[in-house]
$ cat structure-v6.txt   # compact mmCIF, C-alpha atoms
# COMPACT_ATOMS: atom_id res chain seq x y z
CA MET A 108 39.70 21.06 13.76
CA SER A 109 37.90 18.33 11.84
CA SER A 110 38.86 17.84 8.19
CA ILE A 111 35.34 16.70 7.43
CA GLU A 112 32.42 19.13 7.52
CA LYS A 113 28.69 18.59 7.89
CA ILE A 114 28.10 19.94 4.38
CA ASP A 115 30.46 17.28 3.01
CA VAL A 116 28.37 14.54 4.61
CA GLU A 117 25.13 16.11 3.38
CA ASN A 118 26.48 16.38 -0.16
CA GLY A 119 27.52 12.75 0.03
CA LEU A 120 24.00 11.74 1.02
CA LYS A 121 22.62 13.68 -1.94
CA ASN A 122 24.26 11.10 -4.16
CA LEU A 123 22.39 8.18 -2.59
CA ILE A 124 19.09 7.42 -4.32
CA ASP A 125 16.40 5.52 -2.44
CA PRO A 126 15.11 3.03 -5.05
CA ASN A 127 11.73 2.85 -3.35
CA HIS A 128 10.73 6.37 -4.41
CA GLY A 129 13.56 7.48 -6.68
CA LEU A 130 14.72 10.51 -4.69
CA ASP A 131 18.01 11.07 -2.90
CA LEU A 132 17.99 10.91 0.89
CA VAL A 133 18.24 14.68 1.33
CA ALA A 134 15.53 15.56 -1.19
CA ALA A 135 13.22 12.98 0.42
CA LYS A 136 13.84 14.65 3.82
CA SER A 137 15.01 11.34 5.23
CA VAL A 138 18.09 12.91 6.87
CA LYS A 139 17.11 14.01 10.37
CA ALA A 140 20.51 14.67 11.95
CA ILE A 141 24.21 14.73 11.13
CA THR A 142 26.54 14.82 14.14
CA LEU A 143 30.31 15.25 14.00
CA GLU A 144 32.76 14.34 16.77
CA GLY A 145 36.12 15.09 15.33
CA ALA A 146 36.26 13.05 12.13
CA ASP A 147 33.63 10.58 13.32
CA VAL A 148 30.15 10.96 11.89
CA THR A 149 26.71 9.86 13.13
CA VAL A 150 23.83 10.06 10.65
CA LYS A 151 20.21 9.63 11.71
CA LEU A 152 17.78 8.72 8.96
CA GLU A 153 13.99 8.44 9.19
CA LEU A 154 11.92 6.66 6.55
CA GLY A 155 8.24 7.39 6.11
CA TYR A 156 7.36 3.88 5.00
CA PRO A 157 7.83 0.34 6.37
CA ALA A 158 11.14 -1.10 5.18
CA LYS A 159 12.21 -3.89 7.51
CA SER A 160 13.94 -5.90 4.78
CA TYR A 161 15.49 -2.82 3.13
CA ILE A 162 16.98 -1.07 6.17
CA PRO A 163 20.11 -3.32 6.44
CA GLU A 164 20.84 -2.70 2.75
CA LEU A 165 20.36 1.04 3.11
CA LYS A 166 22.51 1.20 6.23
CA ALA A 167 25.35 -0.65 4.51
CA ALA A 168 25.10 1.59 1.44
CA VAL A 169 25.23 4.79 3.49
CA GLU A 170 28.18 3.56 5.55
CA GLN A 171 30.10 2.47 2.47
CA HIS A 172 29.38 5.72 0.64
CA LEU A 173 30.36 8.01 3.50
CA LYS A 174 33.52 6.07 4.34
CA ALA A 175 34.80 7.03 0.89
CA LEU A 176 34.76 10.74 1.79
CA PRO A 177 38.24 12.26 2.35
CA GLY A 178 39.15 12.83 5.99
CA ILE A 179 36.21 10.92 7.47
CA GLY A 180 36.64 8.68 10.48
CA ALA A 181 34.15 6.17 11.90
CA VAL A 182 30.66 6.22 10.42
CA HIS A 183 27.60 5.33 12.48
CA VAL A 184 24.16 5.15 10.83
CA GLU A 185 20.84 4.99 12.69
CA ILE A 186 17.63 4.35 10.71
CA SER A 187 14.10 4.58 12.08
CA VAL A 188 10.63 4.46 10.53
CA ARG A 189 7.73 6.84 11.22
CA ILE A 190 4.50 6.35 9.30
CA ILE A 191 2.16 9.34 9.37
CA ALA A 192 -1.32 10.12 8.07
CA HIS A 193 -1.42 11.76 4.66
CA SER A 194 -3.96 14.12 3.21
CA VAL A 195 -7.23 12.83 1.76
CA GLN A 196 -9.99 14.36 -0.37
CA GLN A 197 -10.54 17.98 0.66
CA THR A 198 -14.08 17.49 1.98
CA LEU A 199 -13.14 14.52 4.19
CA LYS A 200 -11.10 13.81 7.30
CA PRO A 201 -8.94 10.70 7.85
CA HIS A 202 -10.41 7.80 9.79
CA SER A 203 -9.61 8.13 13.49
CA GLN A 204 -8.08 4.63 13.68
CA VAL A 205 -6.57 4.45 10.20
CA LYS A 206 -3.66 6.64 9.13
CA ASN A 207 -3.88 5.85 5.42
CA ILE A 208 -6.48 4.13 3.25
CA ILE A 209 -5.11 2.79 -0.03
CA ALA A 210 -7.53 1.59 -2.71
CA VAL A 211 -6.55 -1.27 -5.01
CA ALA A 212 -8.54 -1.03 -8.24
CA SER A 213 -8.79 -2.48 -11.72
CA GLY A 214 -10.86 -1.59 -14.74
CA LYS A 215 -12.00 -5.15 -15.32
CA GLY A 216 -12.19 -8.49 -13.54
CA GLY A 217 -9.83 -11.39 -13.93
CA VAL A 218 -6.57 -9.47 -13.62
CA GLY A 219 -5.66 -10.83 -10.17
CA LYS A 220 -6.51 -7.66 -8.27
CA SER A 221 -7.69 -9.36 -5.06
CA THR A 222 -4.67 -11.67 -4.99
CA THR A 223 -2.45 -8.63 -5.44
CA ALA A 224 -4.28 -6.66 -2.72
CA VAL A 225 -3.97 -9.48 -0.17
CA ASN A 226 -0.30 -10.08 -0.85
CA LEU A 227 0.49 -6.35 -0.72
CA ALA A 228 -1.26 -6.08 2.65
CA LEU A 229 0.76 -9.03 3.95
CA ALA A 230 3.93 -7.55 2.46
CA LEU A 231 3.39 -4.22 4.25
CA ALA A 232 2.91 -6.16 7.49
CA ALA A 233 6.08 -8.16 6.83
CA GLU A 234 7.92 -4.85 6.37
CA GLY A 235 6.81 -3.72 9.83
CA ALA A 236 3.50 -1.85 9.40
CA ASN A 237 0.20 -2.34 11.20
CA VAL A 238 -2.13 -3.30 8.35
CA GLY A 239 -5.75 -4.10 7.63
CA ILE A 240 -7.65 -5.13 4.50
CA LEU A 241 -11.25 -4.29 3.70
CA ASP A 242 -13.00 -6.44 1.10
CA ALA A 243 -15.12 -3.89 -0.78
CA ASP A 244 -16.33 -6.39 -3.37
CA ILE A 245 -19.83 -6.74 -1.93
CA TYR A 246 -21.07 -8.97 -4.76
CA GLY A 247 -18.11 -11.34 -4.90
CA PRO A 248 -16.04 -11.27 -1.70
CA SER A 249 -12.87 -13.34 -1.98
CA ILE A 250 -10.73 -12.14 0.93
CA PRO A 251 -12.12 -14.74 3.42
CA THR A 252 -11.10 -17.61 1.12
CA MET A 253 -7.66 -16.16 0.40
CA LEU A 254 -6.95 -15.65 4.10
CA GLY A 255 -8.49 -18.93 5.29
CA LEU A 256 -11.17 -17.22 7.39
CA SER A 257 -14.86 -17.86 7.97
CA GLY A 258 -17.59 -17.26 10.54
CA PHE A 259 -19.23 -14.14 11.93
CA PRO A 260 -17.06 -11.40 13.45
CA VAL A 261 -17.24 -10.85 17.22
CA SER A 262 -18.88 -7.77 18.74
CA HIS A 263 -17.98 -6.72 22.29
CA ASP A 264 -20.42 -3.81 22.51
CA ASN A 265 -23.19 -4.84 20.08
CA LYS A 266 -22.34 -1.73 18.07
CA THR A 267 -19.05 -2.45 16.35
CA MET A 268 -17.46 -5.57 14.88
CA GLN A 269 -14.00 -6.78 15.76
CA PRO A 270 -11.89 -7.33 12.63
CA LYS A 271 -10.97 -10.94 12.02
CA ILE A 272 -7.21 -11.50 12.19
CA SER A 273 -5.18 -13.56 9.74
CA TYR A 274 -1.37 -13.69 9.55
CA GLY A 275 -1.17 -10.54 11.66
CA ILE A 276 -3.44 -8.34 9.54
CA GLN A 277 -6.92 -7.09 10.45
CA THR A 278 -9.64 -7.99 7.96
CA MET A 279 -13.31 -7.31 7.29
CA SER A 280 -15.56 -8.58 4.50
CA ILE A 281 -19.25 -9.00 3.73
CA GLY A 282 -18.24 -12.62 3.26
CA TYR A 283 -18.08 -13.01 7.06
CA LEU A 284 -21.70 -11.87 7.40
CA VAL A 285 -23.47 -14.02 4.78
CA ASP A 286 -23.42 -17.71 3.89
CA ALA A 287 -20.77 -18.66 1.35
CA GLY A 288 -23.26 -19.63 -1.34
CA GLN A 289 -25.71 -16.79 -0.78
CA PRO A 290 -25.94 -14.40 -3.77
CA MET A 291 -25.84 -10.67 -3.00
CA ILE A 292 -28.78 -9.48 -5.15
CA TRP A 293 -28.58 -5.85 -4.06
CA ARG A 294 -29.06 -2.60 -5.91
CA GLY A 295 -26.25 -0.06 -5.93
CA PRO A 296 -27.35 2.01 -2.90
CA MET A 297 -27.56 -1.10 -0.70
CA ALA A 298 -24.07 -2.19 -1.74
CA THR A 299 -22.57 1.25 -1.13
CA ASN A 300 -24.26 1.50 2.28
CA ALA A 301 -22.81 -1.91 3.14
CA LEU A 302 -19.31 -0.70 2.22
CA GLN A 303 -19.63 2.36 4.43
CA GLN A 304 -20.90 0.25 7.32
CA LEU A 305 -18.06 -2.25 6.98
CA LEU A 306 -15.57 0.60 7.25
CA ARG A 307 -17.38 2.60 9.94
CA ASP A 308 -18.62 -0.23 12.15
CA THR A 309 -15.38 -2.20 12.30
CA ALA A 310 -13.22 -1.57 15.37
CA TRP A 311 -9.95 -1.14 13.48
CA ASP A 312 -6.98 -1.01 15.85
CA HIS A 313 -4.50 1.79 15.04
CA LEU A 314 -3.75 0.90 11.43
CA ASP A 315 -0.90 2.44 9.47
CA TYR A 316 -2.53 1.25 6.25
CA LEU A 317 -5.95 -0.10 5.34
CA ILE A 318 -5.92 -1.75 1.93
CA VAL A 319 -9.34 -1.60 0.26
CA ASP A 320 -9.88 -4.29 -2.36
CA LEU A 321 -12.35 -2.70 -4.76
CA PRO A 322 -14.60 -4.63 -7.15
CA PRO A 323 -13.68 -4.27 -10.84
CA GLY A 324 -15.04 -1.38 -12.84
CA THR A 325 -15.98 2.24 -12.09
CA GLY A 326 -19.49 1.92 -10.65
CA ASP A 327 -21.37 2.89 -7.50
CA ILE A 328 -18.95 1.37 -5.00
CA GLN A 329 -15.91 3.02 -6.58
CA LEU A 330 -17.70 6.38 -6.67
CA THR A 331 -18.75 6.03 -3.01
CA LEU A 332 -15.18 5.26 -2.00
CA ALA A 333 -13.84 8.20 -3.97
CA GLN A 334 -16.40 10.70 -2.65
CA GLN A 335 -17.27 9.59 0.89
CA ILE A 336 -14.34 7.52 2.21
CA PRO A 337 -11.05 9.28 3.09
CA VAL A 338 -8.52 7.77 0.69
CA SER A 339 -4.82 8.70 0.75
CA GLY A 340 -3.96 7.01 -2.54
CA ALA A 341 -4.77 4.28 -5.03
CA ILE A 342 -3.00 1.74 -7.19
CA ILE A 343 -4.21 0.23 -10.46
CA VAL A 344 -3.73 -3.47 -11.23
CA THR A 345 -3.74 -4.54 -14.86
CA THR A 346 -2.42 -7.21 -17.19
CA PRO A 347 -0.32 -6.41 -20.28
CA GLN A 348 -3.09 -7.17 -22.78
CA ASP A 349 -4.73 -4.26 -24.59
CA ILE A 350 -8.29 -4.98 -23.44
CA ALA A 351 -7.23 -4.89 -19.78
CA LEU A 352 -5.25 -1.69 -20.29
CA ILE A 353 -8.21 0.07 -21.89
CA ASP A 354 -10.36 -0.66 -18.82
CA ALA A 355 -7.53 0.13 -16.40
CA GLN A 356 -7.22 3.54 -18.06
CA ARG A 357 -10.82 4.26 -17.10
CA GLY A 358 -10.09 3.38 -13.49
CA LEU A 359 -7.07 5.64 -13.47
CA GLY A 360 -9.11 8.47 -14.96
CA MET A 361 -11.78 8.09 -12.28
CA PHE A 362 -9.30 8.66 -9.45
CA GLY A 363 -7.93 11.69 -11.26
CA LYS A 364 -11.37 13.30 -11.44
CA VAL A 365 -12.00 12.87 -7.70
CA ASN A 366 -8.52 14.07 -6.66
CA VAL A 367 -7.26 10.76 -5.27
CA PRO A 368 -3.56 10.39 -6.15
CA VAL A 369 -2.62 7.25 -8.05
CA LEU A 370 0.53 5.89 -6.41
CA GLY A 371 1.35 3.62 -9.31
CA ILE A 372 0.47 0.77 -11.62
CA VAL A 373 1.09 -2.93 -11.01
CA GLU A 374 1.27 -5.27 -13.99
CA ASN A 375 0.07 -8.76 -13.13
CA MET A 376 0.54 -11.95 -15.18
CA SER A 377 3.35 -10.24 -17.09
CA VAL A 378 5.11 -13.42 -18.16
CA HIS A 379 4.36 -17.12 -17.84
CA ILE A 380 7.19 -19.39 -16.74
CA CYS A 381 6.63 -23.07 -17.47
CA SER A 382 6.86 -25.11 -14.27
CA GLN A 383 8.23 -28.06 -16.25
CA CYS A 384 10.88 -26.58 -18.52
CA GLY A 385 11.34 -23.02 -17.29
CA HIS A 386 10.46 -21.48 -20.66
CA ALA A 387 9.24 -17.87 -20.31
CA GLU A 388 6.49 -16.59 -22.57
CA ALA A 389 4.58 -13.28 -22.49
CA ILE A 390 1.22 -14.80 -23.37
CA PHE A 391 -0.72 -11.59 -22.56
CA GLY A 392 1.73 -9.32 -24.35
CA GLU A 393 4.50 -7.32 -22.73
CA GLY A 394 5.30 -3.81 -21.60
CA GLY A 395 1.68 -2.63 -21.46
CA GLY A 396 1.68 -1.64 -17.80
CA ALA A 397 4.96 0.27 -18.05
CA LEU A 398 3.76 2.09 -21.17
CA MET A 399 0.49 3.01 -19.47
CA ALA A 400 2.39 4.39 -16.49
CA GLU A 401 4.68 6.42 -18.73
CA THR A 402 1.79 7.76 -20.80
CA ASN A 403 -0.12 8.88 -17.71
CA HIS A 404 2.93 10.16 -15.83
CA VAL A 405 2.46 7.82 -12.87
CA ASP A 406 4.91 5.36 -11.36
CA PHE A 407 5.27 1.79 -12.54
CA LEU A 408 5.55 -0.16 -9.29
CA GLY A 409 6.47 -3.54 -10.73
CA SER A 410 5.33 -6.64 -12.55
CA LEU A 411 4.36 -10.10 -11.33
CA PRO A 412 4.60 -13.38 -13.23
CA LEU A 413 1.75 -15.67 -14.19
CA ASP A 414 2.74 -18.34 -11.68
CA ILE A 415 0.61 -21.35 -10.75
CA HIS A 416 1.96 -21.24 -7.20
CA ILE A 417 0.52 -17.75 -6.60
CA ARG A 418 -2.91 -19.08 -7.53
CA GLN A 419 -2.51 -22.29 -5.51
CA PHE A 420 -1.37 -20.43 -2.40
CA ALA A 421 -4.29 -17.98 -2.61
CA ASP A 422 -6.85 -20.76 -3.09
CA SER A 423 -5.46 -22.64 -0.09
CA GLY A 424 -5.83 -19.65 2.27
CA ARG A 425 -2.06 -19.11 2.56
CA PRO A 426 -1.08 -16.31 0.15
CA THR A 427 2.37 -16.24 -1.41
CA VAL A 428 3.95 -13.75 1.03
CA VAL A 429 3.29 -16.09 3.98
CA ALA A 430 3.39 -19.45 2.18
CA ASP A 431 6.73 -18.85 0.45
CA PRO A 432 8.25 -15.77 2.12
CA ASP A 433 11.73 -16.38 0.69
CA GLY A 434 10.50 -17.00 -2.86
CA ARG A 435 10.91 -14.66 -5.82
CA ALA A 436 7.21 -13.75 -6.02
CA ALA A 437 7.09 -12.78 -2.32
CA ALA A 438 10.17 -10.60 -2.83
CA ILE A 439 8.40 -8.81 -5.72
CA TYR A 440 5.30 -8.22 -3.59
CA ARG A 441 7.45 -6.72 -0.80
CA GLU A 442 9.28 -4.51 -3.28
CA ILE A 443 6.00 -3.24 -4.76
CA ALA A 444 4.57 -2.67 -1.28
CA ARG A 445 7.63 -0.63 -0.24
CA LYS A 446 7.46 1.46 -3.41
CA MET A 447 3.73 2.06 -2.95
CA ALA A 448 4.18 3.18 0.68
CA ALA A 449 7.31 5.20 -0.13
CA ARG A 450 5.53 7.15 -2.85
CA LEU A 451 2.68 7.83 -0.44
CA ALA A 452 5.23 9.06 2.12
CA LEU A 453 6.21 11.83 -0.31
CA LYS A 454 2.64 13.12 -0.49
CA ALA A 455 1.26 15.94 1.63
CA LYS A 456 0.75 15.28 5.32
CA ASP A 457 -2.63 15.48 7.01
CA PHE A 458 -2.90 18.62 9.18
CA SER A 459 -6.59 18.35 10.07
CA SER A 460 -5.81 17.34 13.66
CA ARG A 461 -4.08 20.68 14.23
CA PHE A 462 -7.26 22.65 13.70
CA PRO A 463 -9.84 22.82 16.48
CA ASN A 464 -13.46 21.90 15.96
CA ILE A 465 -15.64 24.99 15.96
CA VAL A 466 -18.95 24.53 17.77
CA ILE A 467 -21.66 27.18 17.61
CA GLN A 468 -24.13 27.13 20.51
CA ASN A 469 -27.11 29.30 21.36
CA THR A 470 -26.65 31.04 24.71
$ encode --input "structure-v6.txt" --output "structure tokens"
Amino acid sequence: MSSIEKIDVENGLKNLIDPNHGLDLVAAKSVKAITLEGADVTVKLELGYPAKSYIPELKAAVEQHLKALPGIGAVHVEISVRIIAHSVQQTLKPHSQVKNIIAVASGKGGVGKSTTAVNLALALAAEGANVGILDADIYGPSIPTMLGLSGFPVSHDNKTMQPKISYGIQTMSIGYLVDAGQPMIWRGPMATNALQQLLRDTAWDHLDYLIVDLPPGTGDIQLTLAQQIPVSGAIIVTTPQDIALIDAQRGLGMFGKVNVPVLGIVENMSVHICSQCGHAEAIFGEGGGALMAETNHVDFLGSLPLDIHIRQFADSGRPTVVADPDGRAAAIYREIARKMAARLALKAKDFSSRFPNIVIQNT
């Protein structure tokens, strides 16, 4: 008879906290099977978020932790990833080709929201997900420049547009459809219709995540996204300074009123590090993003430095995650992306596909 029991292994796994969402492996329902053969143990784990760079660390931690249990023999750990569609606003159904739409918002401009959105999309892809990014800033599209793309998208059927591909992610922007210097002098309804068309008329190809880079503020486009586009979650980008936090609070409040869960807050430009001497200075203040998260009972996903290289990489069409994948900033983006996706993985699943469509016909 084995001296180690299944309950012993399960209790051991309860002591291992996944730093990406803060829950233990059992509470997060990541443990799918525990098999005993004598004293030897096989544990099968399943993560609900992309974690290519984290899986080796998790596997080593589980093995090390279980090997310390009395009476245990060999430990074998198998880890897989399964990304599912999560619930959206009650009146809407998820997009047929997109499992999860995540909005990236800010209360005001100039906080580095688009740079953050692009790098988070690339980070999710680097972690193993199938990712797209939709540039919802109709008046000032910046995604084409940041991803080094230009030119009109291709249409194979004269009805839908093929997303333009950059660094493995699918992209769409109004910037592909108008000349670079052409001003978008449109009233709100025209801009919101354009956003809906960009989402609906793009032939997205089986995306796990579609990152939507929203324009700053809480106007027509944000309201359209919140009410008419199926969104699984949102993140708020801010800087530590008070004026940015005041506006970011409005953005957070907007998502709360339309029942879109806020997955967390990202603090950008948190500290400036001099490229010459290495001196660190919090020129926009410090701790504002974390305090905002604590006050509003949402997660603080992480902070990014005010780094000239992040700006240079974005302007050159090679964002940080692809231009310097082994650098500190890229590691922070990947960590934030994992946390964002992991927190979404804890949200309710989408069950709409289980219910049949009811059609009433006159006979």
$ residues_around --input "structure-v6.txt" --residues "Ser339 (chain A)" --least-positions-apart "5" --cutoff "12 Å" --atoms "only C-alpha atoms" --output "PyMOL selection string"
chain A and resi 191-197+199-202+205-211+315-319+332-333+362+365-370+447-448+450-457
$ write_last_selection --input "structure-v6.txt" --atoms "C-alpha atoms" --output "PDB file, in the coordinates of the input"
ATOM      1  CA  ILE A 191       2.160   9.340   9.370  1.00  0.00           C
ATOM      2  CA  ALA A 192      -1.320  10.120   8.070  1.00  0.00           C
ATOM      3  CA  HIS A 193      -1.420  11.760   4.660  1.00  0.00           C
ATOM      4  CA  SER A 194      -3.960  14.120   3.210  1.00  0.00           C
ATOM      5  CA  VAL A 195      -7.230  12.830   1.760  1.00  0.00           C
ATOM      6  CA  GLN A 196      -9.990  14.360  -0.370  1.00  0.00           C
ATOM      7  CA  GLN A 197     -10.540  17.980   0.660  1.00  0.00           C
ATOM      8  CA  LEU A 199     -13.140  14.520   4.190  1.00  0.00           C
ATOM      9  CA  LYS A 200     -11.100  13.810   7.300  1.00  0.00           C
ATOM     10  CA  PRO A 201      -8.940  10.700   7.850  1.00  0.00           C
ATOM     11  CA  HIS A 202     -10.410   7.800   9.790  1.00  0.00           C
ATOM     12  CA  VAL A 205      -6.570   4.450  10.200  1.00  0.00           C
ATOM     13  CA  LYS A 206      -3.660   6.640   9.130  1.00  0.00           C
ATOM     14  CA  ASN A 207      -3.880   5.850   5.420  1.00  0.00           C
ATOM     15  CA  ILE A 208      -6.480   4.130   3.250  1.00  0.00           C
ATOM     16  CA  ILE A 209      -5.110   2.790  -0.030  1.00  0.00           C
ATOM     17  CA  ALA A 210      -7.530   1.590  -2.710  1.00  0.00           C
ATOM     18  CA  VAL A 211      -6.550  -1.270  -5.010  1.00  0.00           C
ATOM     19  CA  ASP A 315      -0.900   2.440   9.470  1.00  0.00           C
ATOM     20  CA  TYR A 316      -2.530   1.250   6.250  1.00  0.00           C
ATOM     21  CA  LEU A 317      -5.950  -0.100   5.340  1.00  0.00           C
ATOM     22  CA  ILE A 318      -5.920  -1.750   1.930  1.00  0.00           C
ATOM     23  CA  VAL A 319      -9.340  -1.600   0.260  1.00  0.00           C
ATOM     24  CA  LEU A 332     -15.180   5.260  -2.000  1.00  0.00           C
ATOM     25  CA  ALA A 333     -13.840   8.200  -3.970  1.00  0.00           C
ATOM     26  CA  PHE A 362      -9.300   8.660  -9.450  1.00  0.00           C
ATOM     27  CA  VAL A 365     -12.000  12.870  -7.700  1.00  0.00           C
ATOM     28  CA  ASN A 366      -8.520  14.070  -6.660  1.00  0.00           C
ATOM     29  CA  VAL A 367      -7.260  10.760  -5.270  1.00  0.00           C
ATOM     30  CA  PRO A 368      -3.560  10.390  -6.150  1.00  0.00           C
ATOM     31  CA  VAL A 369      -2.620   7.250  -8.050  1.00  0.00           C
ATOM     32  CA  LEU A 370       0.530   5.890  -6.410  1.00  0.00           C
ATOM     33  CA  MET A 447       3.730   2.060  -2.950  1.00  0.00           C
ATOM     34  CA  ALA A 448       4.180   3.180   0.680  1.00  0.00           C
ATOM     35  CA  ARG A 450       5.530   7.150  -2.850  1.00  0.00           C
ATOM     36  CA  LEU A 451       2.680   7.830  -0.440  1.00  0.00           C
ATOM     37  CA  ALA A 452       5.230   9.060   2.120  1.00  0.00           C
ATOM     38  CA  LEU A 453       6.210  11.830  -0.310  1.00  0.00           C
ATOM     39  CA  LYS A 454       2.640  13.120  -0.490  1.00  0.00           C
ATOM     40  CA  ALA A 455       1.260  15.940   1.630  1.00  0.00           C
ATOM     41  CA  LYS A 456       0.750  15.280   5.320  1.00  0.00           C
ATOM     42  CA  ASP A 457      -2.630  15.480   7.010  1.00  0.00           C
TER      43      ASP A 457
END
$ atom_distance --input "structure-v6.txt" --atom1 "CA of Arg445 (chain A)" --atom2 "CA of Ser187 (chain A)"
14.9 Å
$ residues_around --input "structure-v6.txt" --residues "Ala232 (chain A)" --least-positions-apart "3" --cutoff "10 Å" --atoms "all atoms listed in the file" --output "PyMOL selection string"
chain A and resi 157-159+226-229+235-239+274-276+315-316+441+444
$ residues_around --input "structure-v6.txt" --residues "Asp406 (chain A)" --least-positions-apart "4" --cutoff "7 Å" --atoms "only C-alpha atoms" --output "PyMOL selection string"
chain A and resi 370-372+400
$ closest_residue --input "structure-v6.txt" --among "A:Ala430, A:Ala167, A:Leu152, A:Val218" --to "Phe391 (chain A)" --atoms "all atoms listed in the file"
A:Val218
$ atom_distance --input "structure-v6.txt" --atom1 "CA of Asp327 (chain A)" --atom2 "CA of Gly358 (chain A)"
12.8 Å
$ atom_distance --input "structure-v6.txt" --atom1 "CA of Gly282 (chain A)" --atom2 "CA of Pro248 (chain A)"
5.6 Å
$ closest_residue --input "structure-v6.txt" --among "A:Gly409, A:Pro251, A:Gly258, A:Gly360" --to "Asn127 (chain A)" --atoms "only C-alpha atoms"
A:Gly409
$ residues_around --input "structure-v6.txt" --residues "Gln348 (chain A)" --least-positions-apart "3" --cutoff "8 Å" --atoms "all atoms listed in the file" --output "VMD selection string"
chain A and resid 351 to 352 391 to 393 395
$ residues_near_point --input "structure-v6.txt" --point "(26.1, 11.1, 12.5)" --cutoff "9 Å" --atoms "all atoms listed in the file" --output "number ranges by chain"
A: 116, 140-144, 147-151, 182-185
$ closest_residue --input "structure-v6.txt" --among "A:Val138, A:Leu231, A:Met376, A:Ala146" --to "Leu176 (chain A)" --atoms "all atoms listed in the file"
A:Ala146
$ closest_residue --input "structure-v6.txt" --among "A:Lys271, A:Gly217, A:Ala449, A:Asp422" --to "Leu154 (chain A)" --atoms "only C-alpha atoms"
A:Ala449
$ closest_residue --input "structure-v6.txt" --among "A:Leu359, A:Ser213, A:Ser203, A:Leu120" --to "Thr309 (chain A)" --atoms "only C-alpha atoms"
A:Ser203
$ closest_residue --input "structure-v6.txt" --among "A:Gly394, A:Pro296, A:Pro412, A:Pro163" --to "Cys381 (chain A)" --atoms "all atoms listed in the file"
A:Pro412
$ build_atoms --input "structure-v6.txt" --residues "region 310-323 of chain A" --atoms "N, CA and C atoms" --output "mmCIF file, in the coordinates of the input"
data_model
loop_
_atom_site.group_PDB
_atom_site.id
_atom_site.type_symbol
_atom_site.label_atom_id
_atom_site.label_comp_id
_atom_site.auth_asym_id
_atom_site.auth_seq_id
_atom_site.Cartn_x
_atom_site.Cartn_y
_atom_site.Cartn_z
ATOM 1 N N ALA A 310 -14.091 -2.163 14.352
ATOM 2 C CA ALA A 310 -13.220 -1.570 15.370
ATOM 3 C C ALA A 310 -11.751 -1.767 14.977
ATOM 4 N N TRP A 311 -11.347 -1.066 13.926
ATOM 5 C CA TRP A 311 -9.950 -1.140 13.480
ATOM 6 C C TRP A 311 -9.032 -0.666 14.611
ATOM 7 N N ASP A 312 -7.887 -1.297 14.735
ATOM 8 C CA ASP A 312 -6.980 -1.010 15.850
ATOM 9 C C ASP A 312 -5.700 -0.356 15.356
ATOM 10 N N HIS A 313 -5.699 0.983 15.322
ATOM 11 C CA HIS A 313 -4.500 1.790 15.040
ATOM 12 C C HIS A 313 -3.732 1.284 13.815
ATOM 13 N N LEU A 314 -4.369 1.374 12.668
ATOM 14 C CA LEU A 314 -3.750 0.900 11.430
ATOM 15 C C LEU A 314 -2.869 1.980 10.805
ATOM 16 N N ASP A 315 -1.712 1.559 10.312
ATOM 17 C CA ASP A 315 -0.900 2.440 9.470
ATOM 18 C C ASP A 315 -1.495 2.498 8.065
ATOM 19 N N TYR A 316 -1.946 1.343 7.589
ATOM 20 C CA TYR A 316 -2.530 1.250 6.250
ATOM 21 C C TYR A 316 -3.756 0.339 6.283
ATOM 22 N N LEU A 317 -4.808 0.769 5.606
ATOM 23 C CA LEU A 317 -5.950 -0.100 5.340
ATOM 24 C C LEU A 317 -6.038 -0.248 3.827
ATOM 25 N N ILE A 318 -5.811 -1.462 3.355
ATOM 26 C CA ILE A 318 -5.920 -1.750 1.930
ATOM 27 C C ILE A 318 -7.383 -2.062 1.623
ATOM 28 N N VAL A 319 -7.957 -1.364 0.655
ATOM 29 C CA VAL A 319 -9.340 -1.600 0.260
ATOM 30 C C VAL A 319 -9.337 -2.284 -1.105
ATOM 31 N N ASP A 320 -9.803 -3.524 -1.114
ATOM 32 C CA ASP A 320 -9.880 -4.290 -2.360
ATOM 33 C C ASP A 320 -11.205 -3.973 -3.037
ATOM 34 N N LEU A 321 -11.149 -3.137 -4.067
ATOM 35 C CA LEU A 321 -12.350 -2.700 -4.760
ATOM 36 C C LEU A 321 -12.828 -3.749 -5.762
ATOM 37 N N PRO A 322 -14.133 -3.782 -6.050
ATOM 38 C CA PRO A 322 -14.600 -4.630 -7.150
ATOM 39 C C PRO A 322 -14.113 -4.036 -8.469
ATOM 40 N N PRO A 323 -14.109 -4.818 -9.542
ATOM 41 C CA PRO A 323 -13.680 -4.270 -10.840
ATOM 42 C C PRO A 323 -14.667 -3.238 -11.364
#
